[in-house]
file input06.pdb (PDB, C-alpha atoms)
ATOM      1  CA  MET A 233     134.301-199.438  94.164
ATOM      2  CA  ILE A 234     131.728-199.610  91.385
ATOM      3  CA  LEU A 235     130.435-196.145  92.280
ATOM      4  CA  LEU A 236     133.948-194.696  92.024
ATOM      5  CA  LEU A 237     134.470-196.332  88.635
ATOM      6  CA  ALA A 238     131.063-195.058  87.496
ATOM      7  CA  LEU A 239     132.235-191.545  88.390
ATOM      8  CA  ALA A 240     135.413-192.092  86.373
ATOM      9  CA  GLY A 241     133.618-193.448  83.302
ATOM     10  CA  ALA A 242     130.992-190.716  83.332
ATOM     11  CA  GLY A 243     133.559-187.990  83.836
ATOM     12  CA  VAL A 244     135.721-189.072  80.918
ATOM     13  CA  ASP A 245     132.703-189.453  78.634
ATOM     14  CA  ALA A 246     131.353-186.020  79.574
ATOM     15  CA  MET A 247     134.671-184.343  78.876
ATOM     16  CA  MET A 248     135.256-186.124  75.578
ATOM     17  CA  ILE A 249     131.819-185.347  74.213
ATOM     18  CA  MET A 250     132.197-181.705  75.250
ATOM     19  CA  GLY A 251     135.665-181.509  73.744
ATOM     20  CA  PHE A 252     135.362-183.714  70.681
ATOM     21  CA  ASN A 253     131.643-184.528  70.195
ATOM     22  CA  VAL A 254     132.299-188.229  70.635
ATOM     23  CA  LEU A 255     131.814-190.804  73.389
ATOM     24  CA  THR A 256     134.618-193.041  74.611
ATOM     25  CA  ALA A 257     132.868-195.231  77.202
ATOM     26  CA  ALA A 258     129.239-195.606  76.126
ATOM     27  CA  GLN A 259     129.859-197.417  72.862
ATOM     28  CA  THR A 260     126.167-198.044  72.192
ATOM     29  CA  GLY A 261     125.647-194.330  71.667
ATOM     30  CA  ASN A 262     128.989-194.069  69.936
ATOM     31  CA  THR A 263     127.985-196.664  67.357
ATOM     32  CA  ILE A 264     124.866-194.614  66.618
ATOM     33  CA  LEU A 265     126.999-191.479  66.290
ATOM     34  CA  LEU A 266     129.148-193.330  63.780
ATOM     35  CA  ALA A 267     126.142-194.510  61.785
ATOM     36  CA  VAL A 268     124.500-191.071  61.737
ATOM     37  CA  ALA A 269     127.755-189.364  60.798
ATOM     38  CA  LEU A 270     128.261-191.731  57.886
ATOM     39  CA  ALA A 271     124.652-191.320  56.757
ATOM     40  CA  ARG A 272     125.052-187.528  56.764
ATOM     41  CA  GLY A 273     128.448-187.628  55.117
ATOM     42  CA  GLN A 274     130.094-186.079  58.189
ATOM     43  CA  PHE A 275     133.214-188.145  57.784
ATOM     44  CA  ALA A 276     135.301-186.186  60.304
ATOM     45  CA  LEU A 277     132.846-186.974  63.102
ATOM     46  CA  GLY A 278     132.471-190.494  61.772
ATOM     47  CA  LEU A 279     136.233-190.993  61.923
ATOM     48  CA  SER A 280     136.310-189.920  65.569
ATOM     49  CA  ALA A 281     133.512-192.334  66.431
ATOM     50  CA  ALA A 282     135.184-195.174  64.529
ATOM     51  CA  ILE A 283     138.506-194.531  66.279
ATOM     52  CA  SER A 284     136.689-194.562  69.611
ATOM     53  CA  VAL A 285     134.964-197.891  68.951
ATOM     54  CA  ILE A 286     138.147-199.550  67.734
ATOM     55  CA  ALA A 287     140.236-198.155  70.595
ATOM     56  CA  TYR A 288     137.640-199.281  73.138
ATOM     57  CA  VAL A 289     137.814-202.844  71.811
ATOM     58  CA  VAL A 290     141.607-202.688  71.972
ATOM     59  CA  GLY A 291     141.377-201.433  75.555
ATOM     60  CA  ALA A 292     139.002-204.202  76.588
ATOM     61  CA  ALA A 293     141.361-206.761  75.034
ATOM     62  CA  LEU A 294     144.382-205.278  76.810
ATOM     63  CA  GLY A 295     142.462-205.212  80.075
ATOM     64  CA  GLU A 296     141.651-208.891  79.751
ATOM     65  CA  VAL A 297     145.290-209.660  78.969
ATOM     66  CA  PHE A 298     146.337-207.878  82.176
ATOM     67  CA  LEU A 299     143.725-209.793  84.178
ATOM     68  CA  VAL A 300     144.692-213.182  82.760
ATOM     69  CA  ARG A 301     148.437-212.584  83.171
ATOM     70  CA  GLN A 302     147.948-211.528  86.815
ATOM     71  CA  SER A 303     145.502-214.315  87.692
ATOM     72  CA  GLY A 304     148.202-216.613  89.046
ATOM     73  CA  THR A 305     150.147-213.975  90.978
ATOM     74  CA  LYS A 306     149.825-212.447  94.426
ATOM     75  CA  THR A 307     149.042-209.088  92.883
ATOM     76  CA  SER A 308     145.413-208.169  92.316
ATOM     77  CA  GLY A 309     144.749-208.392  88.593
ATOM     78  CA  ILE A 310     142.064-205.747  88.909
ATOM     79  CA  ALA A 311     144.419-203.330  90.682
ATOM     80  CA  ALA A 312     147.094-203.798  88.007
ATOM     81  CA  THR A 313     144.528-203.288  85.272
ATOM     82  CA  LEU A 314     143.130-200.144  86.871
ATOM     83  CA  LEU A 315     146.655-198.825  87.333
ATOM     84  CA  ALA A 316     147.099-199.138  83.566
ATOM     85  CA  GLU A 317     143.870-197.196  83.089
ATOM     86  CA  ALA A 318     144.946-194.467  85.506
ATOM     87  CA  SER A 319     148.290-194.189  83.689
ATOM     88  CA  LEU A 320     146.533-193.728  80.358
ATOM     89  CA  LEU A 321     144.265-191.060  81.839
ATOM     90  CA  GLY A 322     147.360-189.308  83.159
ATOM     91  CA  ILE A 323     148.913-189.400  79.689
ATOM     92  CA  LEU A 324     145.632-188.095  78.273
ATOM     93  CA  LEU A 325     145.704-185.173  80.691
ATOM     94  CA  VAL A 326     149.299-184.256  79.846
ATOM     95  CA  LEU A 327     148.819-184.475  76.071
ATOM     96  CA  TRP A 328     145.537-182.569  76.193
ATOM     97  CA  ARG A 329     147.172-179.814  78.232
ATOM     98  CA  ILE A 330     149.991-179.610  75.698
ATOM     99  CA  ALA A 331     147.555-179.581  72.755
ATOM    100  CA  GLY A 332     145.550-176.732  74.265
ATOM    101  CA  THR A 333     141.858-175.956  73.939
ATOM    102  CA  THR A 334     141.839-176.391  70.160
ATOM    103  CA  PRO A 335     144.008-179.408  69.303
ATOM    104  CA  SER A 336     144.596-180.358  65.689
ATOM    105  CA  GLN A 337     142.417-183.032  64.125
ATOM    106  CA  THR A 338     145.207-185.588  64.366
ATOM    107  CA  MET A 339     145.881-184.806  68.008
ATOM    108  CA  GLY A 340     142.155-184.883  68.701
ATOM    109  CA  LEU A 341     141.960-188.408  67.302
ATOM    110  CA  VAL A 342     144.932-189.455  69.437
ATOM    111  CA  LEU A 343     143.242-188.080  72.555
ATOM    112  CA  VAL A 344     139.985-189.841  71.713
ATOM    113  CA  ALA A 345     141.847-193.103  71.162
ATOM    114  CA  ILE A 346     143.678-192.881  74.500
ATOM    115  CA  ALA A 347     140.459-192.153  76.380
ATOM    116  CA  ALA A 348     138.634-195.008  74.658
ATOM    117  CA  VAL A 349     141.433-197.498  75.389
ATOM    118  CA  ALA A 350     141.297-196.443  79.047
ATOM    119  CA  MET A 351     137.532-196.969  79.157
ATOM    120  CA  GLY A 352     137.863-200.374  77.516
ATOM    121  CA  ILE A 353     140.387-201.384  80.152
ATOM    122  CA  GLN A 354     138.049-200.188  82.901
ATOM    123  CA  SER A 355     135.143-202.175  81.486
ATOM    124  CA  ALA A 356     137.241-205.349  81.474
ATOM    125  CA  ALA A 357     138.178-204.737  85.110
ATOM    126  CA  VAL A 358     134.564-204.105  86.151
ATOM    127  CA  ARG A 359     133.414-207.263  84.374
ATOM    128  CA  CYS A 360     136.016-209.187  86.334
ATOM    129  CA  LEU A 361     135.145-207.427  89.585
ATOM    130  CA  HIS A 362     131.527-208.603  89.579
ATOM    131  CA  ASN A 363     128.556-209.545  87.406
ATOM    132  CA  GLY A 364     126.313-206.738  88.601
ATOM    133  CA  PRO A 365     126.087-203.087  87.526
ATOM    134  CA  THR A 366     128.471-201.913  84.818
ATOM    135  CA  THR A 367     130.063-198.487  84.458
ATOM    136  CA  THR A 368     129.671-197.987  80.705
ATOM    137  CA  TYR A 369     126.589-199.955  79.595
ATOM    138  CA  ILE A 370     124.014-197.507  80.952
ATOM    139  CA  THR A 371     121.067-198.769  78.887
ATOM    140  CA  GLY A 372     121.404-202.204  80.459
ATOM    141  CA  LEU A 373     121.863-200.573  83.852
ATOM    142  CA  LEU A 374     118.569-198.718  83.572
ATOM    143  CA  THR A 375     116.809-201.818  82.247
ATOM    144  CA  SER A 376     118.001-203.926  85.182
ATOM    145  CA  PHE A 377     116.971-201.220  87.643
ATOM    146  CA  THR A 378     113.519-200.696  86.155
ATOM    147  CA  THR A 379     112.571-204.337  85.633
ATOM    148  CA  GLY A 380     114.010-205.335  88.998
ATOM    149  CA  ALA A 381     112.137-202.586  90.824
ATOM    150  CA  ILE A 382     108.833-203.520  89.150
ATOM    151  CA  ARG A 383     109.343-207.186  89.988
ATOM    152  CA  GLU A 384     110.103-206.272  93.589
ATOM    153  CA  PHE A 385     106.786-204.440  93.876
ATOM    154  CA  LEU A 386     104.715-207.055  92.040
ATOM    155  CA  VAL A 387     106.254-210.228  93.462
ATOM    156  CA  PRO A 388     106.479-209.984  97.271
ATOM    157  CA  GLY A 389     109.534-211.720  98.683
ATOM    158  CA  ASN A 390     111.357-211.766  95.337
ATOM    159  CA  ASN A 391     113.194-208.501  96.078
ATOM    160  CA  GLY A 392     113.868-208.132  92.343
ATOM    161  CA  ARG A 393     116.939-210.288  92.684
ATOM    162  CA  SER A 394     116.715-212.752  89.849
ATOM    163  CA  SER A 395     120.341-211.836  89.069
ATOM    164  CA  GLY A 396     121.422-211.773  92.717
ATOM    165  CA  ASP A 397     121.608-207.954  92.936
ATOM    166  CA  SER A 398     119.073-205.540  94.353
ATOM    167  CA  PRO A 399     117.575-203.293  91.648
ATOM    168  CA  TRP A 400     118.341-200.296  93.824
ATOM    169  CA  LYS A 401     122.039-201.044  93.450
ATOM    170  CA  TYR A 402     121.655-200.488  89.717
ATOM    171  CA  GLY A 403     119.695-197.303  90.345
ATOM    172  CA  THR A 404     122.390-195.988  92.666
ATOM    173  CA  VAL A 405     125.089-196.609  90.061
ATOM    174  CA  TRP A 406     123.026-194.756  87.436
ATOM    175  CA  VAL A 407     122.540-191.747  89.738
ATOM    176  CA  THR A 408     126.259-191.777  90.491
ATOM    177  CA  TYR A 409     127.060-191.946  86.780
ATOM    178  CA  LEU A 410     124.777-188.969  86.108
ATOM    179  CA  ALA A 411     126.287-186.984  88.974
ATOM    180  CA  GLY A 412     129.813-187.781  87.800
ATOM    181  CA  ALA A 413     129.041-186.539  84.286
ATOM    182  CA  ILE A 414     127.506-183.319  85.629
ATOM    183  CA  ILE A 415     130.355-182.628  88.042
ATOM    184  CA  CYS A 416     133.122-183.299  85.515
ATOM    185  CA  GLY A 417     131.243-181.342  82.869
ATOM    186  CA  LEU A 418     130.993-178.313  85.148
ATOM    187  CA  VAL A 419     134.627-178.568  86.227
ATOM    188  CA  TYR A 420     135.650-178.876  82.572
ATOM    189  CA  LEU A 421     133.797-175.646  81.760
ATOM    190  CA  PHE A 422     135.657-173.732  84.462
ATOM    191  CA  ALA A 423     139.000-175.549  84.739
ATOM    192  CA  GLY A 424     139.394-177.211  81.360
ATOM    193  CA  THR A 425     141.341-180.442  81.122
ATOM    194  CA  MET A 426     142.206-180.381  84.835
ATOM    195  CA  ALA A 427     138.781-181.958  85.290
ATOM    196  CA  LEU A 428     140.463-185.233  84.310
ATOM    197  CA  LEU A 429     141.979-185.277  87.783
ATOM    198  CA  LEU A 430     138.580-186.332  89.131
ATOM    199  CA  PRO A 431     138.347-189.584  87.101
ATOM    200  CA  ILE A 432     142.018-190.302  87.796
ATOM    201  CA  ALA A 433     141.468-189.812  91.533
ATOM    202  CA  SER A 434     138.435-192.118  91.429
ATOM    203  CA  VAL A 435     140.402-194.924  89.769
ATOM    204  CA  LEU A 436     143.328-194.504  92.165
ATOM    205  CA  ALA A 437     140.896-194.626  95.102
ATOM    206  CA  VAL A 438     139.618-198.001  93.900
ATOM    207  CA  ILE A 439     143.194-199.278  93.672
ATOM    208  CA  ALA A 440     143.846-198.015  97.224
ATOM    209  CA  LEU A 441     140.810-199.939  98.469
ATOM    210  CA  GLY A 442     142.539-203.131  97.369
ATOM    211  CA  PRO A 443     140.170-204.905  94.939
ATOM    212  CA  ARG A 444     140.315-208.687  95.079
ATOM    213  CA  ARG A 445     142.106-210.837  92.554
ATOM    214  CA  CYS A 446     140.064-211.870  89.550
TER     215      CYS A 446
END

call {"tool": "encode", "arguments": {"input": "input06.pdb", "output": "structure tokens"}}
result
Amino acid sequence: MILLLALAGAGVDAMMIMGFNVLTAAQTGNTILLAVALARGQFALGLSAAISVIAYVVGAALGEVFLVRQSGTKTSGIAATLLAEASLLGILLVLWRIAGTTPSQTMGLVLVAIAAVAMGIQSAAVRCLHNGPTTTYITGLLTSFTTGAIREFLVPGNNGRSSGDSPWKYGTVWVTYLAGAIICGLVYLFAGTMALLLPIASVLAVIALGPRRC
């Protein structure tokens, strides 16, 4: 499930940075983009980055609301939350298709905001799903993989599992994230916004697998 969500997060980020020069999932890099844009006086780019950060926080909050509200029901809170994400990605696809290859600045900001809200929702769902690898915080993912792998080699019998997860699990998620970004980037170059169907399909596949209740 985590690998499918990594594909979705990477695919959306790749498309948004190719289309609008801004990230919507990896908010560490997005915060730097905002800072650099402001330092250079590139306020248009800075506005996009700011919208993305704010929308991501809103998405994470909404995702947590969905999870909490569903916690006492028979329905999987994670499935309901991911369904909300998939719906937003579907709306993003439709609006982006309508806007065309060169949307107006206002429409561009709307598209960035929708994508960022969707990624925030996904991050909330992943955090609820488990405490291991994430699908947006790639710096931490690489750190956990590297330090865990070194510990596994230097401390026999430890297996690098101070956090309960094998370091190779983190490495696999990173490779999947990279592959997802490459694949969606290539599809975007040849098929445009239809590349969003790949992240949407990944999220729907996770829902079909029936994630547990939070």

call {"tool": "residues_around", "arguments": {"input": "input06.pdb", "residues": "region 292-295 of chain A", "least_positions_apart": "5", "cutoff": "6 Å", "atoms": "only C-alpha atoms", "output": "compact mmCIF listing (two decimals) with C-alpha atoms, in the frame of the given file"}}
result
# COMPACT_ATOMS: atom_id res chain seq x y z
CA THR A 313 144.53 -203.29 85.27
CA GLY A 352 137.86 -200.37 77.52
CA ILE A 353 140.39 -201.38 80.15
CA ALA A 356 137.24 -205.35 81.47

call {"tool": "closest_residue", "arguments": {"input": "input06.pdb", "among": "A:Ala287, A:Ala381, A:Leu373, A:Leu265", "to": "Tyr409 (chain A)", "atoms": "all atoms listed in the file"}}
result
A:Leu373

call {"tool": "closest_residue", "arguments": {"input": "input06.pdb", "among": "A:Thr260, A:Ala427, A:Ser284, A:Val387", "to": "Val342 (chain A)", "atoms": "only C-alpha atoms"}}
result
A:Ser284

call {"tool": "resolve_selection", "arguments": {"input": "input06.pdb", "expression": "the PyMOL selection byres ((chain A and resi 417) around 10)", "output": "PyMOL selection string"}}
result
chain A and resi 242-250+411-416+418-424+427

call {"tool": "closest_residue", "arguments": {"input": "input06.pdb", "among": "A:Gln354, A:Thr404, A:Ser376, A:Thr263", "to": "Ala311 (chain A)", "atoms": "only C-alpha atoms"}}
result
A:Gln354

call {"tool": "resolve_selection", "arguments": {"input": "input06.pdb", "expression": "the PyMOL selection byres ((chain A and resi 316) around 12)", "output": "PDB file with C-alpha atoms, keeping the file's coordinate frame"}}
result
ATOM      1  CA  GLY A 291     141.377-201.433  75.555  1.00  0.00           C
ATOM      2  CA  ALA A 292     139.002-204.202  76.588  1.00  0.00           C
ATOM      3  CA  LEU A 294     144.382-205.278  76.810  1.00  0.00           C
ATOM      4  CA  GLY A 295     142.462-205.212  80.075  1.00  0.00           C
ATOM      5  CA  GLU A 296     141.651-208.891  79.751  1.00  0.00           C
ATOM      6  CA  VAL A 297     145.290-209.660  78.969  1.00  0.00           C
ATOM      7  CA  PHE A 298     146.337-207.878  82.176  1.00  0.00           C
ATOM      8  CA  LEU A 299     143.725-209.793  84.178  1.00  0.00           C
ATOM      9  CA  GLY A 309     144.749-208.392  88.593  1.00  0.00           C
ATOM     10  CA  ILE A 310     142.064-205.747  88.909  1.00  0.00           C
ATOM     11  CA  ALA A 311     144.419-203.330  90.682  1.00  0.00           C
ATOM     12  CA  ALA A 312     147.094-203.798  88.007  1.00  0.00           C
ATOM     13  CA  THR A 313     144.528-203.288  85.272  1.00  0.00           C
ATOM     14  CA  LEU A 314     143.130-200.144  86.871  1.00  0.00           C
ATOM     15  CA  LEU A 315     146.655-198.825  87.333  1.00  0.00           C
ATOM     16  CA  GLU A 317     143.870-197.196  83.089  1.00  0.00           C
ATOM     17  CA  ALA A 318     144.946-194.467  85.506  1.00  0.00           C
ATOM     18  CA  SER A 319     148.290-194.189  83.689  1.00  0.00           C
ATOM     19  CA  LEU A 320     146.533-193.728  80.358  1.00  0.00           C
ATOM     20  CA  LEU A 321     144.265-191.060  81.839  1.00  0.00           C
ATOM     21  CA  GLY A 322     147.360-189.308  83.159  1.00  0.00           C
ATOM     22  CA  ILE A 323     148.913-189.400  79.689  1.00  0.00           C
ATOM     23  CA  ILE A 346     143.678-192.881  74.500  1.00  0.00           C
ATOM     24  CA  VAL A 349     141.433-197.498  75.389  1.00  0.00           C
ATOM     25  CA  ALA A 350     141.297-196.443  79.047  1.00  0.00           C
ATOM     26  CA  MET A 351     137.532-196.969  79.157  1.00  0.00           C
ATOM     27  CA  GLY A 352     137.863-200.374  77.516  1.00  0.00           C
ATOM     28  CA  ILE A 353     140.387-201.384  80.152  1.00  0.00           C
ATOM     29  CA  GLN A 354     138.049-200.188  82.901  1.00  0.00           C
ATOM     30  CA  ALA A 356     137.241-205.349  81.474  1.00  0.00           C
ATOM     31  CA  ALA A 357     138.178-204.737  85.110  1.00  0.00           C
ATOM     32  CA  ILE A 432     142.018-190.302  87.796  1.00  0.00           C
ATOM     33  CA  VAL A 435     140.402-194.924  89.769  1.00  0.00           C
ATOM     34  CA  LEU A 436     143.328-194.504  92.165  1.00  0.00           C
ATOM     35  CA  ILE A 439     143.194-199.278  93.672  1.00  0.00           C
TER      36      ILE A 439
END

call {"tool": "atom_distance", "arguments": {"input": "input06.pdb", "atom1": "CA of Gln302 (chain A)", "atom2": "CA of Cys360 (chain A)"}}
result
12.2 Å

call {"tool": "atom_distance", "arguments": {"input": "input06.pdb", "atom1": "CA of Ser336 (chain A)", "atom2": "CA of Ser355 (chain A)"}}
result
28.5 Å

call {"tool": "closest_residue", "arguments": {"input": "input06.pdb", "among": "A:Ala345, A:Arg301, A:Gly251, A:Met233", "to": "Tyr288 (chain A)", "atoms": "all atoms listed in the file"}}
result
A:Ala345
